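Reading through the structure tokens given below for one structure.
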Amino acid sequence: MSDAAFLRKLWNEQLVTENDLAPSFRKAVPIEELRDLARQFKTTYGEATSVVPKTDTGEFNLRTSTHTVLITLTRGEAGTVTGLLVRQVQLLASPDELLTKLADFGQNHGHLLLRNGKVISQASPETALAIGSGFKVFVLQQLEEAITAGLTGWDTILTLAPRHKSLPSGTLQNWPDGHRLTVETAALLMISQSDNTATDLVMDHLGSLLSRSQEKTAPLLTTRQFFQLKANTSLAAQFVGADAEVRKELLDGLRNAKLPSVDAVARPYQPGIEWYASPAELCAALDSIAHLPAVRANPGVALPDNWRSIAFKGGSEIGVLNHTYVLDQMDGTRWCFSATWNQTEPLDETAIHAAVATLLARLPELAD
């Protein structure tokens, strides 16, 4: 069958067999797993009503009554499917409708949209909200400042130690103690993969330079400390109610504490046990380091083909989600978009990602 017919049948849970798939594909994604994924997509986004080729390179726009889905499909010499990638999901909505809708996704929300420094849309842009791993933008910003000041260098060698080991995201926690890597590599892992162990390694290297003081976050938590607090409800309650001096004492007491299990921290956002920043702060920080390779390695939900350059960092935990982008158009127009949602129960992250992806793709429509 044609590529478009295959995608529509797969999405709508019609007959697709193992014979349609290359052996390498079947090994990586068994047919039942593929059908389960298709069922999830159909349940979330609706039945496919059409599939239209976007280019002659295997890209297709699959359309439902509410969404457009960009999919890449590849076939081998035998004509069987060798690759299938859902690249992006977009809502069928205008940019203005999306900007109005952003506040509906969480109990607490703030966003800021700038075009060449001019405010296009905002909601509580100066209000500090929990941003999860979004705080790593500030770590990278301070790292660059330290390098510019001659205090360290991108080629400085760091040594991984047990005190740096944290929980995922990332993979550096699985590397052996004593492994050596450069500051540049650690920074790239910290941002592109949001590697928590790499983050703590960089923070440890910066040491006393990490003195960004905010009433709600001083002293700045490492990711390891964050997980240790989140796993210990009584200690977390003490931390939330304490002043900066007592907080420091509590954190000092965690130095020899074990790292908790992933299950122990799989609970919703607890106000006060987080990193906080406003959309305005995030836009300013990311804009100042948008030239660094570390923030350009992962485009988030922005499509690279649409932009001359993309700088991105996001952050999340259960009940917390942040997206921050600095986007340069081909004509030199620069956009910054930062949006955060907080609540003490899970967010509909799938819906938020689709809304943000759509908004970013259609930003040029707001140029006038």
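Following the order of the structure tokens, first chain is A, next is B, and so on, with residues numbered from 1 inside each chain and ligands from 1 in the order they appear.
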Would you pick out the contacts of Leu206 (chain A) at 10 Å or less, using only C-alpha atoms, so that residues sharing its chain but fewer than 6 positions from it are not included, and give the list as a ChimeraX atom specification? /A:139,142-143,146,151-152,200
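Between Gly79 (chain A) and the residues A:Val183, A:Pro176, A:Phe6, A:Leu235, the shortest atom-to-atom distance, using only C-alpha atoms, involves A:Phe6.
Assigned to strand (DSSP E) in region 320-366 of chain A, given DSSP computed from backbone atoms, are Val320, Leu321, Asn322, His323, Thr324, Tyr325, Val326, Leu327, Asp328, Arg334, Trp335, Cys336, Phe337, Ser338, Ala339, Thr340, Trp341 and Asn342 of chain A.
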Counting only C-alpha atoms, what is within 9 Å of region 268-274 of chain A, bar same-chain residues fewer than 5 positions away, as number ranges by chain? A: 130-132, 216-217, 221, 226, 229-230, 236-237, 239-241, 317-320, 342-346
Take the residues from that selection and write them out as a tab-separated table (two decimals), in the first residue's frame, keeping C-alpha atoms.
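again-v1.tsv, freshly written:
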```tsv
chain	number	residue	atom	x	y	z
A	130	ALA	CA	8.87	26.23	40.08
A	131	ILE	CA	10.81	25.42	36.88
A	132	GLY	CA	12.39	22.00	37.47
A	216	LYS	CA	12.73	30.89	47.92
A	217	THR	CA	15.80	29.08	46.67
A	221	LEU	CA	19.81	23.00	45.62
A	226	PHE	CA	16.41	17.92	45.67
A	229	LEU	CA	14.52	16.23	50.32
A	230	LYS	CA	11.65	15.04	48.17
A	236	ALA	CA	11.22	18.59	53.36
A	237	ALA	CA	8.68	20.24	55.67
A	239	PHE	CA	13.33	22.89	54.80
A	240	VAL	CA	10.27	24.71	53.43
A	241	GLY	CA	9.65	26.48	56.74
A	317	GLU	CA	8.53	17.03	37.52
A	318	ILE	CA	5.04	15.81	38.43
A	319	GLY	CA	2.99	19.01	38.55
A	320	VAL	CA	5.76	21.25	37.14
A	342	ASN	CA	2.62	24.56	38.46
A	343	GLN	CA	0.10	22.53	40.42
A	344	THR	CA	0.22	19.86	43.11
A	345	GLU	CA	-1.23	17.18	40.82
A	346	PRO	CA	-0.13	15.91	37.40
```
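For the atom pair formed by CA of Leu114 (chain A) and CA of Gln88 (chain A), the distance is 23.2 Å, given to one decimal.
Of the listed residues (A:Arg26, A:Thr171, A:Asp305, A:Asp177), A:Thr171 comes nearest to Asp195 (chain A); the distances count only C-alpha atoms.
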Distance query region 36-46 of chain A at most 8 Å, only C-alpha atoms, self and fewer than 5 positions along chain excluded, as a list in words: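 Selected residues are Leu10, Trp11, Asn12, Glu13, Thr64, Ser65, Thr66 and His67 of chain A.
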Limited to N, CA and C atoms, could you put the picked residues into a file as a CSV table (one decimal), in the first residue's frame?
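Below is the file that was written, selection_23.csv:
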```csv
chain,number,residue,atom,x,y,z
A,10,LEU,N,-2.6,2.4,10.0
A,10,LEU,CA,-1.9,2.1,11.3
A,10,LEU,C,-2.5,3.0,12.4
A,11,TRP,N,-2.7,4.3,12.1
A,11,TRP,CA,-3.2,5.2,13.1
A,11,TRP,C,-4.6,4.8,13.5
A,12,ASN,N,-5.4,4.4,12.5
A,12,ASN,CA,-6.8,4.1,12.8
A,12,ASN,C,-7.1,2.6,13.2
A,13,GLU,N,-6.0,1.9,13.6
A,13,GLU,CA,-6.1,0.6,14.1
A,13,GLU,C,-6.7,-0.4,13.1
A,64,THR,N,-6.2,15.0,12.1
A,64,THR,CA,-7.4,14.5,12.8
A,64,THR,C,-8.3,15.8,12.9
A,65,SER,N,-9.4,15.6,13.6
A,65,SER,CA,-10.3,16.8,13.7
A,65,SER,C,-9.8,17.9,14.5
A,66,THR,N,-8.7,17.6,15.3
A,66,THR,CA,-8.2,18.6,16.3
A,66,THR,C,-6.7,18.9,16.1
A,67,HIS,N,-6.0,18.0,15.5
A,67,HIS,CA,-4.5,18.1,15.4
A,67,HIS,C,-4.0,17.8,14.0
```
One-decimal distance in Å that lies between CA of Leu220 (chain A) and CA of Thr199 (chain A):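 Result for CA of Thr199 (chain A) versus CA of Leu220 (chain A): 12.2 Å, one decimal.
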So which bits of region 23-129 of chain A end up alpha helix (DSSP H) when you DSSP the backbone, as a JSON list (two decimals) with C-alpha atoms, in the first residue's frame?
```json
[["chain", "number", "residue", "atom", "x", "y", "z"],
["A", 23, "PRO", "CA", 12.90, -7.34, 9.94],
["A", 24, "SER", "CA", 15.09, -4.67, 11.58],
["A", 25, "PHE", "CA", 12.00, -2.61, 12.38],
["A", 26, "ARG", "CA", 10.10, -5.59, 13.79],
["A", 27, "LYS", "CA", 13.06, -6.39, 16.03],
["A", 28, "ALA", "CA", 13.19, -2.86, 17.42],
["A", 31, "ILE", "CA", 4.02, -5.38, 15.86],
["A", 32, "GLU", "CA", 1.94, -5.50, 19.06],
["A", 33, "GLU", "CA", 3.95, -2.66, 20.56],
["A", 34, "LEU", "CA", 3.47, -0.65, 17.38],
["A", 35, "ARG", "CA", -0.28, -1.24, 17.50],
["A", 36, "ASP", "CA", -0.39, -0.20, 21.17],
["A", 37, "LEU", "CA", 1.39, 3.05, 20.32],
["A", 38, "ALA", "CA", -1.00, 3.71, 17.45],
["A", 39, "ARG", "CA", -3.94, 3.07, 19.78],
["A", 40, "GLN", "CA", -2.57, 5.59, 22.28],
["A", 41, "PHE", "CA", -2.14, 8.23, 19.60],
["A", 42, "LYS", "CA", -5.63, 7.69, 18.24],
["A", 43, "THR", "CA", -7.13, 7.86, 21.74],
["A", 44, "THR", "CA", -5.26, 11.07, 22.53],
["A", 45, "TYR", "CA", -5.56, 12.95, 19.24],
["A", 95, "PRO", "CA", -1.45, 31.69, 17.79],
["A", 96, "ASP", "CA", -3.80, 34.11, 19.57],
["A", 97, "GLU", "CA", -6.09, 31.26, 20.60],
["A", 98, "LEU", "CA", -3.12, 29.30, 21.92],
["A", 99, "LEU", "CA", -1.76, 32.21, 23.93],
["A", 100, "THR", "CA", -5.17, 32.64, 25.55],
["A", 101, "LYS", "CA", -5.38, 28.90, 26.25]]
```
Close residues, Leu167 (chain A) itself excluded, 10 Å, only C-alpha atoms, min 5 positions apart in chain, as a short mmCIF file (atom, residue, chain, number, x, y, z; two decimals) with N, CA and C atoms, in the first residue's frame:
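As a result, out-v4.cif now contains:
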```cif
data_model
loop_
_atom_site.label_atom_id
_atom_site.label_comp_id
_atom_site.auth_asym_id
_atom_site.auth_seq_id
_atom_site.Cartn_x
_atom_site.Cartn_y
_atom_site.Cartn_z
N LEU A 172 25.02 9.95 33.16
CA LEU A 172 26.34 10.07 33.77
C LEU A 172 26.42 9.38 35.13
N GLN A 173 25.28 9.20 35.78
CA GLN A 173 25.26 8.52 37.08
C GLN A 173 25.72 7.07 36.95
N ASN A 174 25.67 6.53 35.74
CA ASN A 174 26.09 5.14 35.51
C ASN A 174 27.57 5.02 35.17
N ASP A 195 21.08 16.13 32.10
CA ASP A 195 21.74 15.14 32.95
C ASP A 195 21.95 15.72 34.35
N ASN A 196 21.32 15.11 35.33
CA ASN A 196 21.38 15.64 36.70
C ASN A 196 22.76 15.47 37.33
N THR A 197 23.41 14.34 37.07
CA THR A 197 24.74 14.13 37.63
C THR A 197 25.74 15.11 37.02
N THR A 223 20.77 18.76 42.34
CA THR A 223 19.69 17.81 42.02
C THR A 223 19.68 16.66 43.02
N ARG A 224 20.84 16.27 43.51
CA ARG A 224 20.90 15.19 44.51
C ARG A 224 20.18 15.62 45.79
N PHE A 227 16.37 15.52 45.33
CA PHE A 227 15.79 14.17 45.45
C PHE A 227 15.82 13.69 46.90
N LEU A 259 21.44 8.24 48.29
CA LEU A 259 20.55 8.70 47.23
C LEU A 259 19.29 7.82 47.24
N PRO A 260 18.10 8.41 47.27
CA PRO A 260 16.89 7.60 47.32
C PRO A 260 16.62 6.90 45.99
N SER A 261 15.67 5.99 46.01
CA SER A 261 15.28 5.30 44.77
C SER A 261 14.39 6.21 43.94
N VAL A 262 14.24 5.88 42.67
CA VAL A 262 13.37 6.64 41.79
C VAL A 262 11.93 6.59 42.30
N VAL A 265 10.81 9.17 44.96
CA VAL A 265 10.62 10.58 44.61
C VAL A 265 9.52 10.77 43.57
#
```
Atomic distance CA of Thr68 (chain A) - CA of Ala302 (chain A), expressed in Å with one decimal: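 We find that CA of Thr68 (chain A) and CA of Ala302 (chain A) lie 14.7 Å from each other.
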Restricting the calculation to only C-alpha atoms: of A:Leu321, A:Ala351, A:Val301, A:Leu282, which residue gets closest to Gln107 (chain A)? A:Leu321
Residues within 12 Å of Asn298 (chain A), only C-alpha atoms, excluding chain neighbours under 5 positions, as a PyMOL selection string: chain A and resi 188-194+292-293+303-304+309-314+324-325
Selected residues written out with C-alpha atoms, as a CSV table (one decimal), in the first residue's frame:
```
chain,number,residue,atom,x,y,z
A,188,LEU,CA,26.6,19.8,27.1
A,189,LEU,CA,25.2,16.8,29.0
A,190,MET,CA,23.6,19.1,31.6
A,191,ILE,CA,21.6,21.0,29.0
A,192,SER,CA,21.1,18.7,26.0
A,193,GLN,CA,20.1,15.6,28.0
A,194,SER,CA,19.3,17.5,31.3
A,292,LEU,CA,26.5,28.4,23.3
A,293,PRO,CA,26.5,24.9,21.7
A,303,LEU,CA,11.3,22.3,14.4
A,304,PRO,CA,14.8,23.0,13.3
A,309,SER,CA,18.9,28.8,15.3
A,310,ILE,CA,17.2,27.4,18.3
A,311,ALA,CA,18.2,27.7,22.0
A,312,PHE,CA,16.1,25.6,24.4
A,313,LYS,CA,15.9,24.4,27.9
A,314,GLY,CA,12.9,23.0,29.7
A,324,THR,CA,12.0,28.3,27.4
A,325,TYR,CA,13.2,29.1,23.9
```
Could you pull the residues within 7 Å of Trp307 (chain A), counting only C-alpha atoms, minus those fewer than 5 positions along the same chain, as JSON, numbers by chain? {"A": [327, 328, 329, 330]}
When distances are computed from only C-alpha atoms, which of A:Ser234, A:Ala93, A:Met203, A:Ser121 shows the smallest separation from Leu359 (chain A)?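 Ranked by minimum distance to Leu359 (chain A), first place goes to A:Ala93.
When only C-alpha atoms are used to compute distances to His111 (chain A), the closest of the residues A:Glu47, A:Glu249, A:Glu281, A:Asp243 turns out to be A:Glu281.
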